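Pasting my_file_4.txt here (compact mmCIF, C-alpha atoms):
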```
# COMPACT_ATOMS: atom_id res chain seq x y z
CA MET A 11 79.67 111.33 101.65
CA LEU A 12 79.69 108.59 104.26
CA ILE A 13 76.99 105.96 104.66
CA THR A 14 76.86 104.19 108.02
CA CYS A 15 76.26 100.56 107.12
CA PRO A 16 74.35 98.79 109.93
CA TYR A 17 76.94 95.98 109.77
CA CYS A 18 80.22 97.63 108.75
CA GLY A 19 79.91 101.09 110.26
CA PRO A 20 80.68 104.35 108.44
CA ARG A 21 82.12 103.75 104.98
CA ASP A 22 82.95 105.90 101.99
CA VAL A 23 80.23 106.23 99.34
CA SER A 24 82.61 104.63 96.80
CA GLU A 25 81.94 101.27 98.48
CA PHE A 26 78.20 101.56 97.79
CA THR A 27 76.05 101.13 94.70
CA TYR A 28 72.87 103.10 94.22
CA GLN A 29 70.00 100.78 93.42
CA GLY A 30 67.32 103.31 92.74
CA ASP A 31 64.31 105.05 94.15
CA GLY A 32 63.00 103.39 97.31
CA ASN A 33 59.46 104.71 96.87
CA ARG A 34 58.36 102.72 93.85
CA GLU A 35 56.48 99.46 94.05
CA ARG A 36 56.93 96.80 91.38
CA PRO A 37 53.60 95.46 90.07
CA ALA A 38 53.08 91.70 90.09
CA PRO A 39 54.95 90.15 87.15
CA ALA A 40 51.70 89.14 85.44
CA SER A 41 50.04 92.50 85.99
CA GLN A 42 48.54 94.13 82.91
CA ASN A 43 47.89 97.39 84.72
CA LEU A 44 49.75 99.72 82.38
CA ASP A 45 49.33 102.69 84.68
CA ALA A 46 51.01 100.77 87.50
CA TRP A 47 53.89 99.74 85.21
CA ASN A 48 54.26 103.26 83.89
CA GLU A 49 54.41 104.59 87.42
CA TYR A 50 56.98 101.95 88.41
CA VAL A 51 59.23 102.62 85.44
CA TYR A 52 58.93 106.36 84.91
CA ASP A 53 57.26 108.32 87.71
CA ARG A 54 59.66 109.81 90.23
CA LEU A 55 59.03 112.24 93.07
CA ASN A 56 62.31 114.13 92.54
CA PRO A 57 62.02 115.81 95.96
CA ALA A 58 64.24 118.63 97.20
CA GLY A 59 64.78 117.13 100.63
CA ASP A 60 64.52 113.70 102.23
CA HIS A 61 64.35 110.87 99.69
CA ASN A 62 63.85 107.13 100.27
CA GLU A 63 66.55 105.20 98.41
CA VAL A 64 67.86 101.68 98.03
CA TRP A 65 71.64 101.18 98.20
CA GLN A 66 73.84 98.12 98.29
CA HIS A 67 77.09 97.94 100.23
CA SER A 68 78.57 96.23 97.18
CA GLY A 69 82.17 96.91 98.21
CA GLY A 70 81.69 95.55 101.70
CA CYS A 71 79.20 93.18 103.33
CA ARG A 72 77.01 93.29 100.18
CA SER A 73 73.84 93.99 102.19
CA HIS A 74 70.97 95.84 100.57
CA LEU A 75 70.05 98.94 102.54
CA ARG A 76 67.16 101.36 102.83
CA VAL A 77 68.60 104.83 103.09
CA VAL A 78 66.93 108.19 103.65
CA ARG A 79 69.13 110.85 102.03
CA ASN A 80 68.56 114.56 101.81
CA THR A 81 68.98 115.49 98.16
CA LEU A 82 69.93 119.07 99.07
CA THR A 83 72.55 118.40 101.74
CA HIS A 84 73.44 114.70 101.23
CA GLU A 85 72.71 114.28 104.94
CA ILE A 86 71.77 110.68 105.64
CA SER A 87 69.15 110.46 108.35
CA SER A 88 68.44 106.71 108.35
CA VAL A 89 70.11 103.48 107.18
CA VAL A 90 68.52 100.07 107.83
CA PHE A 91 68.85 96.63 106.28
CA ALA A 92 66.36 96.27 103.42
CA ARG A 93 65.58 92.74 104.58
CA GLY A 94 62.84 92.71 107.18
CA HIS A 95 61.88 96.34 106.73
CA VAL A 96 58.66 97.29 105.03
CA PRO A 97 59.54 100.28 102.91
CA HIS A 98 58.04 103.62 103.75
CA ARG A 99 56.45 104.75 100.54
CA SER A 100 55.66 108.32 99.69
CA PRO A 101 52.70 108.92 97.39
CA SER A 102 53.84 109.09 93.79
CA ARG A 103 53.21 112.11 91.63
CA ARG A 104 50.57 110.22 89.70
CA GLY A 105 49.01 108.94 92.92
CA ALA A 106 48.94 112.42 94.44
CA LYS A 107 47.03 113.74 91.44
CA ALA A 108 44.38 111.05 91.52
CA MET B 18 91.97 67.25 96.32
CA ALA B 19 93.75 68.81 93.38
CA GLU B 20 97.16 70.27 94.05
CA ARG B 21 97.00 73.96 94.84
CA LEU B 22 99.16 76.39 92.87
CA SER B 23 99.77 79.87 94.20
CA PRO B 24 99.03 82.72 91.80
CA LEU B 25 101.88 84.58 93.54
CA GLU B 26 104.48 81.95 92.67
CA PRO B 27 105.93 83.79 89.63
CA VAL B 28 106.27 87.11 91.49
CA LEU B 29 106.94 86.24 95.14
CA ARG B 30 110.68 86.78 95.60
CA PRO B 31 111.94 86.62 99.20
CA GLY B 32 114.22 89.42 100.31
CA SER B 33 114.22 93.03 101.44
CA ARG B 34 113.38 95.85 99.04
CA GLY B 35 112.47 99.50 98.96
CA GLN B 36 113.87 101.91 101.55
CA PHE B 37 114.90 99.38 104.17
CA GLU B 38 118.22 101.01 105.20
CA ASN B 39 116.73 101.85 108.62
CA GLY B 40 114.86 98.55 108.98
CA VAL B 41 111.81 97.16 107.22
CA GLY B 42 108.45 98.74 107.95
CA VAL B 43 106.40 95.73 106.86
CA VAL B 44 106.87 92.04 106.19
CA LEU B 45 104.79 90.58 103.34
CA SER B 46 104.08 86.88 102.96
CA GLU B 47 101.58 84.44 101.55
CA ILE B 48 100.14 82.34 104.34
CA ALA B 49 98.53 79.66 102.14
CA PRO B 50 96.28 78.06 104.76
CA GLY B 51 95.01 74.54 104.12
CA SER B 52 91.36 75.58 104.27
CA ILE B 53 89.45 78.80 103.66
CA ILE B 54 85.76 78.10 104.25
CA GLN B 55 82.77 80.42 103.98
CA LEU B 56 79.70 79.70 106.11
CA ALA B 57 76.36 81.42 105.64
CA ALA B 58 73.42 81.10 108.03
CA TRP B 59 69.80 81.23 106.98
CA PRO B 60 67.89 84.04 108.72
CA GLY B 61 67.79 83.45 112.47
CA GLN B 62 70.39 80.64 112.41
CA GLU B 63 73.51 82.70 113.17
CA LYS B 64 73.88 81.26 116.68
CA ALA B 65 73.71 77.71 115.31
CA ILE B 66 76.51 78.47 112.81
CA ILE B 67 78.65 80.07 115.55
CA ALA B 68 78.06 76.93 117.66
CA ALA B 69 79.07 74.68 114.74
CA ILE B 70 82.29 76.67 114.23
CA LYS B 71 83.07 76.27 117.93
CA LYS B 72 82.35 72.53 117.83
CA VAL B 73 84.62 71.89 114.85
CA THR B 74 87.46 74.37 115.40
CA GLY B 75 87.22 75.24 119.10
CA LEU B 76 87.11 78.93 118.16
CA ALA B 77 84.53 80.92 120.13
CA LEU B 78 83.35 83.79 117.92
CA PRO B 79 82.38 86.91 119.83
CA ASP B 80 78.95 88.38 119.21
CA GLY B 81 78.67 91.42 117.03
CA ALA B 82 79.38 92.63 113.51
CA GLY B 83 82.79 91.62 112.21
CA GLY B 84 83.69 89.80 115.40
CA GLY B 85 86.45 87.22 115.10
CA VAL B 86 89.28 85.31 116.69
CA ALA B 87 92.71 84.14 115.50
CA ASN B 88 95.16 81.86 117.29
CA GLY B 89 97.92 81.30 114.74
CA GLN B 90 96.72 77.87 113.58
CA LYS B 91 93.06 78.72 113.04
CA ALA B 92 91.04 81.84 112.51
CA ALA B 93 87.39 82.78 112.10
CA PHE B 94 85.57 86.05 111.62
CA GLY B 95 82.26 87.51 110.50
CA PHE B 96 82.46 89.53 107.31
CA ALA B 97 78.78 90.18 106.50
CA PRO B 98 75.43 89.65 108.23
CA ALA B 99 75.16 85.91 109.01
CA LYS B 100 78.29 85.11 106.99
CA PHE B 101 81.60 83.86 108.36
CA ILE B 102 85.06 82.87 107.12
CA VAL B 103 86.88 79.99 108.83
CA VAL B 104 90.57 79.44 108.11
CA ASP B 105 92.59 76.42 109.20
CA GLU B 106 96.07 75.04 108.59
CA ALA B 107 94.44 71.63 108.11
CA GLU B 108 92.89 70.75 104.75
CA SER B 109 90.13 68.50 106.03
CA ILE B 110 88.06 71.03 107.94
CA SER B 111 85.57 71.51 105.09
CA GLU B 112 84.17 68.00 105.56
CA ALA B 113 83.88 68.43 109.33
CA LEU B 114 82.03 71.73 108.93
CA THR B 115 79.72 70.27 106.29
CA LYS B 116 78.79 67.53 108.76
CA ALA B 117 78.25 70.04 111.57
CA VAL B 118 76.06 72.44 109.56
CA SER B 119 72.80 70.91 108.42
CA PRO B 120 71.09 72.31 105.30
CA GLU B 121 68.36 73.75 107.55
CA VAL B 122 70.93 75.88 109.36
CA GLY B 123 73.05 77.23 106.53
CA THR B 124 75.62 76.56 103.85
CA VAL B 125 79.31 75.69 103.76
CA THR B 126 81.40 76.74 100.76
CA ASP B 127 85.02 75.69 100.36
CA LEU B 128 86.95 78.70 99.02
CA SER B 129 90.42 77.25 99.64
CA HIS B 130 91.25 77.40 95.92
CA GLY B 131 89.34 80.62 95.33
CA ARG B 132 91.09 82.97 97.73
CA THR B 133 94.69 83.95 98.26
CA ALA B 134 95.73 84.89 101.78
CA ILE B 135 98.38 87.61 102.10
CA ARG B 136 99.82 88.54 105.48
CA ILE B 137 101.17 92.02 106.10
CA SER B 138 102.84 92.61 109.44
CA GLY B 139 105.08 95.18 111.04
CA ALA B 140 104.93 98.64 112.52
CA LYS B 141 103.80 100.22 109.23
CA ALA B 142 101.22 97.56 108.26
CA ALA B 143 98.19 99.74 109.00
CA TRP B 144 99.87 102.70 107.29
CA VAL B 145 100.38 100.72 104.07
CA LEU B 146 96.90 99.17 104.07
CA ALA B 147 95.30 102.55 104.68
CA LYS B 148 96.57 103.58 101.23
CA PHE B 149 94.31 100.93 99.72
CA PHE B 150 91.25 100.70 101.91
CA ALA B 151 89.10 103.56 103.23
CA ILE B 152 88.47 101.97 106.62
CA ASP B 153 89.61 102.81 110.15
CA PHE B 154 92.65 100.69 111.03
CA SER B 155 93.04 102.01 114.60
CA LEU B 156 93.06 99.31 117.29
CA VAL B 157 89.93 100.82 118.85
CA ALA B 158 87.85 100.66 115.67
CA PHE B 159 89.44 97.45 114.34
CA PRO B 160 90.39 95.23 117.31
CA VAL B 161 92.55 92.11 117.13
CA GLY B 162 90.60 89.17 115.69
CA ALA B 163 87.98 91.32 113.97
CA GLY B 164 87.20 91.03 110.28
CA ARG B 165 86.31 93.69 107.72
CA SER B 166 84.94 93.52 104.19
CA THR B 167 86.11 96.27 101.93
CA VAL B 168 87.30 96.96 98.42
CA HIS B 169 90.23 98.56 96.59
CA HIS B 170 88.79 99.62 93.26
CA ASP B 171 87.56 96.25 91.90
CA ILE B 172 89.62 94.11 94.27
CA PHE B 173 87.32 92.83 97.01
CA ALA B 174 89.11 92.02 100.24
CA GLN B 175 88.28 90.45 103.54
CA ILE B 176 90.76 91.60 106.17
CA GLN B 177 91.33 90.08 109.60
CA ARG B 178 93.55 91.71 112.18
CA SER B 179 95.38 88.66 113.54
CA ALA B 180 97.70 90.64 115.86
CA PRO B 181 98.01 94.32 116.82
CA ASP B 182 100.32 95.03 113.87
CA GLN B 183 99.44 92.09 111.62
CA PHE B 184 96.68 91.80 109.03
CA ASP B 185 95.61 88.83 106.91
CA VAL B 186 94.07 89.95 103.62
CA TYR B 187 91.94 87.49 101.65
CA VAL B 188 91.52 88.41 97.98
CA PHE B 189 90.13 86.56 94.96
CA ARG B 190 92.97 84.45 93.58
CA SER B 191 92.52 85.96 90.11
CA PHE B 192 93.26 89.40 91.56
CA ALA B 193 96.01 88.24 93.91
CA ARG B 194 99.02 88.82 91.66
CA SER B 195 97.88 92.31 90.70
CA PHE B 196 97.16 93.14 94.34
CA TRP B 197 100.57 91.77 95.35
CA HIS B 198 102.29 94.08 92.84
CA ALA B 199 100.36 97.06 94.18
CA LEU B 200 101.09 96.05 97.78
CA CYS B 201 104.83 95.84 97.07
CA ARG B 202 104.82 99.26 95.40
CA ALA B 203 102.88 100.77 98.31
CA SER B 204 105.38 99.24 100.77
CA GLU B 205 108.51 100.58 99.06
CA GLU B 206 108.57 103.87 100.99
CA VAL B 207 108.64 102.08 104.38
CA GLY B 208 110.94 99.26 103.29
CA TYR B 209 109.55 95.74 103.05
CA GLU B 210 110.70 92.19 103.37
CA VAL B 211 109.09 89.32 101.49
CA ARG B 212 109.14 86.00 103.33
```
Full structure transcribed into structure tokens:
Amino acid sequence: MLITCPYCGPRDVSEFTYQGDGNRERPAPASQNLDAWNEYVYDRLNPAGDHNEVWQHSGGCRSHLRVVRNTLTHEISSVVFARGHVPHRSPSRRGAKA
Amino acid sequence: MAERLSPLEPVLRPGSRGQFENGVGVVLSEIAPGSIIQLAAWPGQEKAIIAAIKKVTGLALPDGAGGGVANGQKAAFGFAPAKFIVVDEAESISEALTKAVSPEVGTVTDLSHGRTAIRISGAKAAWVLAKFFAIDFSLVAFPVGAGRSTVHHDIFAQIQRSAPDQFDVYVFRSFARSFWHALCRASEEVGYEVR
């Protein structure tokens, strides 16, 4: 799997570190909304298809990246710097139910 | 400034080794520049940092990711967004850069004691480095002067191509001896000379 870093160009996945689901939103540190914390910590979409993810090019320029990866094919359809990009959030499972 | 000791001193033995009967494929050496400086720009201040590097060193950095320039005495290259390495034979360049870069523009970090600079040159230099680093070493993808950040297992490396068949590899000094051993082993098949 290759990820095309916006700075370094195409690099092997071994240079990158997965930093988790790009859909979740961390509640404010003082938040006492347990549902929001539960959703942040546990709820995942687990889609079969395109998935918003956060990666770091830890073995290269060390930039944090927003990546859209297809979980079925590993095809990567979008890579942008995390800085300056408002994440595109999919509705969470809990949110979809409500 | 405190006297600098090379981590390669116990293992760097000049001479030719490996399969060098038909000539050496690569020449390995430690270049030990006087200064290795990292500059980082705050968001939107990249141009000001590039201007400061030009003012102090005379090196005009080209625009673009990983762009760099090397002239034998001095070198500079980008290795990450808004981050640059400047290398100089002189030891005093850190002070000049600190004066030229105000705190509103960015930061200057003297890494002279923190990095070890290893030069690998010769017809087989790209061949040997390609065993370590999964990057494209062709002249088209990696032109002369350009810099690249990459990693060999846990050994982080910044690489500048300082001539068509010459690369300067900057590694953490604590990893330098281990990397040197690996580099020598990888160079045995093409024959290498340590200078």
Chain A residues near chain B within 7 Å, closest pair each, using all atoms listed in the file, as a Markdown table:
```
| residue | atom | partner | partner_atom | distance |
| --- | --- | --- | --- | --- |
| A:Tyr17 | CA | B:Ala82 | CA | 5.6 |
| A:Cys18 | CA | B:Ala82 | CA | 7.0 |
| A:Arg21 | CA | B:Ile152 | CA | 6.8 |
| A:Asp22 | CA | B:Ala151 | CA | 6.7 |
| A:Glu25 | CA | B:Val168 | CA | 6.9 |
| A:Gly69 | CA | B:Val168 | CA | 5.1 |
| A:Gly70 | CA | B:Thr167 | CA | 4.5 |
| A:Cys71 | CA | B:Ala97 | CA | 4.4 |
```
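Of the residues listed (A:Glu63, A:Asp45, A:Glu85, A:Asp53), A:Glu63 shows the shortest atom-to-atom separation from Asp31 (chain A); distances use all atoms listed in the file.
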Selection: 8 Å around Pro24 (chain B), only C-alpha atoms, excl. self and same-chain fewer than 4 positions, as a PyMOL selection string = chain B and resi 133+190-191+193-194
ask   = What separation in Å, quoted to one decimal, exists between CA of Ala92 (chain B) and CA of Leu146 (chain B)?
value = 20.1 Å
request  = For each of B:Gln55, B:Glu210, B:Ser195, B:Ser111, take the minimum atom-to-atom distance to Pro27 (chain B), counting only C-alpha atoms, then give the residue where this is smallest.
outcome  = B:Ser195
Any idea what's packed within 8 Å of Gly59 (chain A), counting all atoms listed in the file, ignoring anything in its chain fewer than 4 positions away? Could you give it as an mmCIF file with C-alpha atoms, keeping the file's coordinate frame?
```cif
data_model
loop_
_atom_site.group_PDB
_atom_site.id
_atom_site.type_symbol
_atom_site.label_atom_id
_atom_site.label_comp_id
_atom_site.auth_asym_id
_atom_site.auth_seq_id
_atom_site.Cartn_x
_atom_site.Cartn_y
_atom_site.Cartn_z
ATOM 1 C CA ARG A 79 69.130 110.850 102.030
ATOM 2 C CA ASN A 80 68.560 114.560 101.810
ATOM 3 C CA THR A 81 68.980 115.490 98.160
ATOM 4 C CA LEU A 82 69.930 119.070 99.070
ATOM 5 C CA THR A 83 72.550 118.400 101.740
#
```
Neighbour list for Glu206 (chain B) as a CSV table (one decimal) with C-alpha atoms, keeping the file's coordinate frame, cut-off 9 Å, all atoms listed in the file, skip fewer than 4 positions in-chain:
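This is the output file out.csv:
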```csv
chain,number,residue,atom,x,y,z
B,35,GLY,CA,112.5,99.5,99.0
B,36,GLN,CA,113.9,101.9,101.6
B,37,PHE,CA,114.9,99.4,104.2
B,42,GLY,CA,108.4,98.7,108.0
B,202,ARG,CA,104.8,99.3,95.4
```
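Our summary of the geometry notes that CA of Val104 (chain B) is positioned 6.8 Å from CA of Pro50 (chain B).
Considering the residues A:Glu49, A:Met11, A:Ser88, A:Gln29 and counting all atoms listed in the file, Val64 (chain A) has its shortest atom-to-atom contact with A:Gln29.
A straight line drawn from CA of Ala99 (chain B) to CA of Gly51 (chain B) is 23.4 Å long.
In this comparison, which uses all atoms listed in the file, the residue of A:Ser68, A:Asn48, A:Ser73, A:Asn56 approaching Thr27 (chain A) most closely is A:Ser68.
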task = Return the single residue from A:Ile86, A:Trp65, A:Leu75, A:Ser41 that is closest to Pro16 (chain A), with distances computed using all atoms listed in the file.
result = A:Leu75
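Minimum atom-to-atom distance to Tyr28 (chain A), evaluated using all atoms listed in the file, belongs to A:Arg76 out of A:Arg54, A:Arg76, A:His84, A:His95.
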